[in-house]
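One structure is given here, and the rest of the page talks about it.
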Amino acid sequence: MRIATWNVNSIRTRMRQVKDWLEEEKPDLLCIQETKVDDPLFPEKELTEDGYEVCFHGQKAYNGVALISRHPLKDVRLGLTGELPNDEQAEQLGVQKRVISALVNDIRVVNLYVPNGSAVGSEKYKYKIQWLKCLNRYLRAQLKRDEPLCLLGDFNIALEARDIHNPERLSGGIMASKEERDALEIALGGRLQDVFRTFEPSTDHWSWWDYRSGAWDRDKGWRIDHIYLCEELIKHAKSCAIHKKTRGNVQPSDHAPVIAEIDWPYVEREEGEDEINNPFNY
DNA sequence: ATGTCGAAATCGTTTCGA
């Protein structure tokens with residue numbers, strides 16, 4: 001099973017590129033962020049006519065998330081609510097459409113667009129920290145369910161120095177401050193592994209390049225788009241790649257897709273099954 | 001550190017968010 005995340009920065013502006021990428025890669029599931037469109041205006045038909053099942057949770061101009069799937073989307077959930085009853089904080093934070101989740105091939109997939117936070121100490125930064133604390137509570141409840149979990153999306157946080165092109169200058173600033181890094185680590189709770197890092201330990205792998213300051217031309221990027229897997233799934237992870245090429249498209253998103261391959265659904269082989277099922281048994 | 005984007009309203013130029 002191949003699962004991808006991509007902040008498309010407006011689905012309506014990027015639809016041609018999304019369709020081209022889907023045609024080339026044929027992932028089982030694509031999770032997108034920053035759709036920037038109200039639900040009634042989501043271009044659903046353009047995807048369903050290509051054989052995808054789609055669910056979305058959007059708003060005008062800002063935020064918005066969606067799932068585009070070759071498999072049935074079951075038990076779709078919107079926002080960080082639904083885990084704890086009468087969760088006022090989750091309800092309040094749910095005004096901004098940043099979370100959509102579903103069961104896909106028995107995997108609980110949670111697609112996130114974490115707040116950017118603007119500048120350390122700002123009102124938006126405080127909101128980001130509150131939001132991450134709420135995510136922590138949501139994941140604590142989710143992990144108790146014993147469903148295989150895949151948490152992915154645009155985290156707007158580079159957790160380590162190797163995830164930033166210039167850690168000396170940028171560490172401590174927005175997307176790299178201690179408080180937001182700690183808040184994300186706590187939410188991950190030592191139970192979720194960044195699948196990209198299980199295959200690639202080195203720096204100079206980015207998923208986002210600012211439109212400004214010629215960041216793409218100078219390859220000055222950040223790795224802020226992640227795919228986290230629970231223990232059970234990480235055992236079956238086969239690869240993880242950043243599709244940097246799309247950032248070089250005409251009128252690109254500022255983010256590139258990240259895609260992971262998992263050997264799933266995984267069927268445990270019985271002792272002697274090879275001999276029974278393989279008539280050539282050599 | 002901001003030189004660029006995308007969307008919306010204040011409408012063709014400005015404002016906000018990233």
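Naming works like this for the structure tokens: A, B, ... for the chains as they're shown, residue 1 at the start of each chain, ligands 1 onward in shown order.
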Item to check | Polymer residues at most 12 Å from Ala260 (chain A), only C-alpha atoms (C1' of nucleotides), same-chain spacing of 4 or more positions, as a ChimeraX atom specification | outcome: /A:1-5,25,27-31,150-152,194-199,226-229,233-234,236-243,264
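If you take only C-alpha atoms (C1' of nucleotides) and a cut-off of 10 Å, the residues of chain B that reach chain A are DA1, DT2, DG3, DT4, DC5, DG6, DA7, DA8, DG17 and DA18 of chain B.
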Next on the checklist: I want to know what sits within 7 Å of region 140-147 of chain A, based on only C-alpha atoms (C1' of nucleotides), with residues of the same chain fewer than 3 positions away left out; could you give that as a PyMOL selection string?
Outcome noted: chain A and resi 83+107-108+136-137
Item to check | Nearby residues (only C-alpha atoms (C1' of nucleotides)) at most 7 Å from His57 (chain A), same-chain spacing under 4 positions excluded, as a PyMOL selection string | outcome: chain A and resi 39+64-66+78+97+100
Item to check | strand (DSSP E) residues, from DSSP on the backbone, in region 45-145 of chain A, as a PyMOL selection string | outcome: chain A and resi 53-57+65-69+74-78+99-104+107-113
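Those residues that approach Ser171 (chain A) to within 8 Å, counting only C-alpha atoms (C1' of nucleotides), are Ala161, Ala176 and Ser177 of chain A; same-chain residues fewer than 5 positions away are not listed.
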Item to check | Residue list (helix (DSSP H, G or I), DSSP) for region 70-211 of chain A, as a ChimeraX atom specification | outcome: /A:88-93,123-144,161-163,167-170,178-188,195-199
Write a file of the just-selected residues containing C-alpha atoms, as a PDB file, in the first residue's frame.
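again.pdb written:
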ATOM      1  CA  GLU A  88     -14.946  22.001  24.115  1.00  0.00           C
ATOM      2  CA  GLN A  89     -11.366  22.781  23.220  1.00  0.00           C
ATOM      3  CA  ALA A  90     -11.439  20.479  20.195  1.00  0.00           C
ATOM      4  CA  GLU A  91     -14.763  22.004  19.165  1.00  0.00           C
ATOM      5  CA  GLN A  92     -13.327  25.509  19.406  1.00  0.00           C
ATOM      6  CA  LEU A  93     -10.115  24.631  17.556  1.00  0.00           C
ATOM      7  CA  GLU A 123      -1.124  34.998  18.984  1.00  0.00           C
ATOM      8  CA  LYS A 124      -0.946  32.545  16.093  1.00  0.00           C
ATOM      9  CA  TYR A 125       1.998  30.810  17.785  1.00  0.00           C
ATOM     10  CA  LYS A 126       0.003  30.412  21.008  1.00  0.00           C
ATOM     11  CA  TYR A 127      -2.796  28.922  18.923  1.00  0.00           C
ATOM     12  CA  LYS A 128      -0.322  26.469  17.363  1.00  0.00           C
ATOM     13  CA  ILE A 129       0.828  25.291  20.810  1.00  0.00           C
ATOM     14  CA  GLN A 130      -2.765  24.911  22.046  1.00  0.00           C
ATOM     15  CA  TRP A 131      -3.619  23.006  18.901  1.00  0.00           C
ATOM     16  CA  LEU A 132      -0.668  20.619  19.408  1.00  0.00           C
ATOM     17  CA  LYS A 133      -1.751  20.009  23.003  1.00  0.00           C
ATOM     18  CA  CYS A 134      -5.203  19.105  21.724  1.00  0.00           C
ATOM     19  CA  LEU A 135      -3.600  16.814  19.113  1.00  0.00           C
ATOM     20  CA  ASN A 136      -1.793  15.078  21.965  1.00  0.00           C
ATOM     21  CA  ARG A 137      -5.073  14.310  23.730  1.00  0.00           C
ATOM     22  CA  TYR A 138      -6.601  13.149  20.467  1.00  0.00           C
ATOM     23  CA  LEU A 139      -3.691  10.765  19.774  1.00  0.00           C
ATOM     24  CA  ARG A 140      -3.669   9.418  23.337  1.00  0.00           C
ATOM     25  CA  ALA A 141      -7.310   8.393  22.829  1.00  0.00           C
ATOM     26  CA  GLN A 142      -6.691   7.149  19.293  1.00  0.00           C
ATOM     27  CA  LEU A 143      -3.747   4.940  20.271  1.00  0.00           C
ATOM     28  CA  LYS A 144      -5.951   3.189  22.865  1.00  0.00           C
ATOM     29  CA  ALA A 161      18.669  20.442  12.812  1.00  0.00           C
ATOM     30  CA  ARG A 162      19.112  18.064   9.868  1.00  0.00           C
ATOM     31  CA  ASP A 163      15.580  18.970   8.713  1.00  0.00           C
ATOM     32  CA  PRO A 167      19.903  25.270  11.413  1.00  0.00           C
ATOM     33  CA  GLU A 168      22.354  27.809  12.893  1.00  0.00           C
ATOM     34  CA  ARG A 169      20.260  30.734  11.717  1.00  0.00           C
ATOM     35  CA  LEU A 170      16.772  29.192  11.855  1.00  0.00           C
ATOM     36  CA  LYS A 178      11.799  24.338  21.335  1.00  0.00           C
ATOM     37  CA  GLU A 179       8.237  24.750  22.582  1.00  0.00           C
ATOM     38  CA  GLU A 180       6.565  23.613  19.352  1.00  0.00           C
ATOM     39  CA  ARG A 181       9.084  20.794  18.823  1.00  0.00           C
ATOM     40  CA  ASP A 182       8.494  19.551  22.371  1.00  0.00           C
ATOM     41  CA  ALA A 183       4.718  19.785  21.897  1.00  0.00           C
ATOM     42  CA  LEU A 184       4.893  17.658  18.745  1.00  0.00           C
ATOM     43  CA  GLU A 185       7.260  15.114  20.351  1.00  0.00           C
ATOM     44  CA  ILE A 186       4.867  14.778  23.280  1.00  0.00           C
ATOM     45  CA  ALA A 187       1.935  14.239  20.897  1.00  0.00           C
ATOM     46  CA  LEU A 188       3.910  11.539  19.052  1.00  0.00           C
ATOM     47  CA  VAL A 195       9.062   6.678   8.213  1.00  0.00           C
ATOM     48  CA  PHE A 196      11.335   8.930   6.092  1.00  0.00           C
ATOM     49  CA  ARG A 197      14.002   8.855   8.808  1.00  0.00           C
ATOM     50  CA  THR A 198      13.943   5.067   9.063  1.00  0.00           C
ATOM     51  CA  PHE A 199      15.401   5.001   5.518  1.00  0.00           C
TER      52      PHE A 199
END
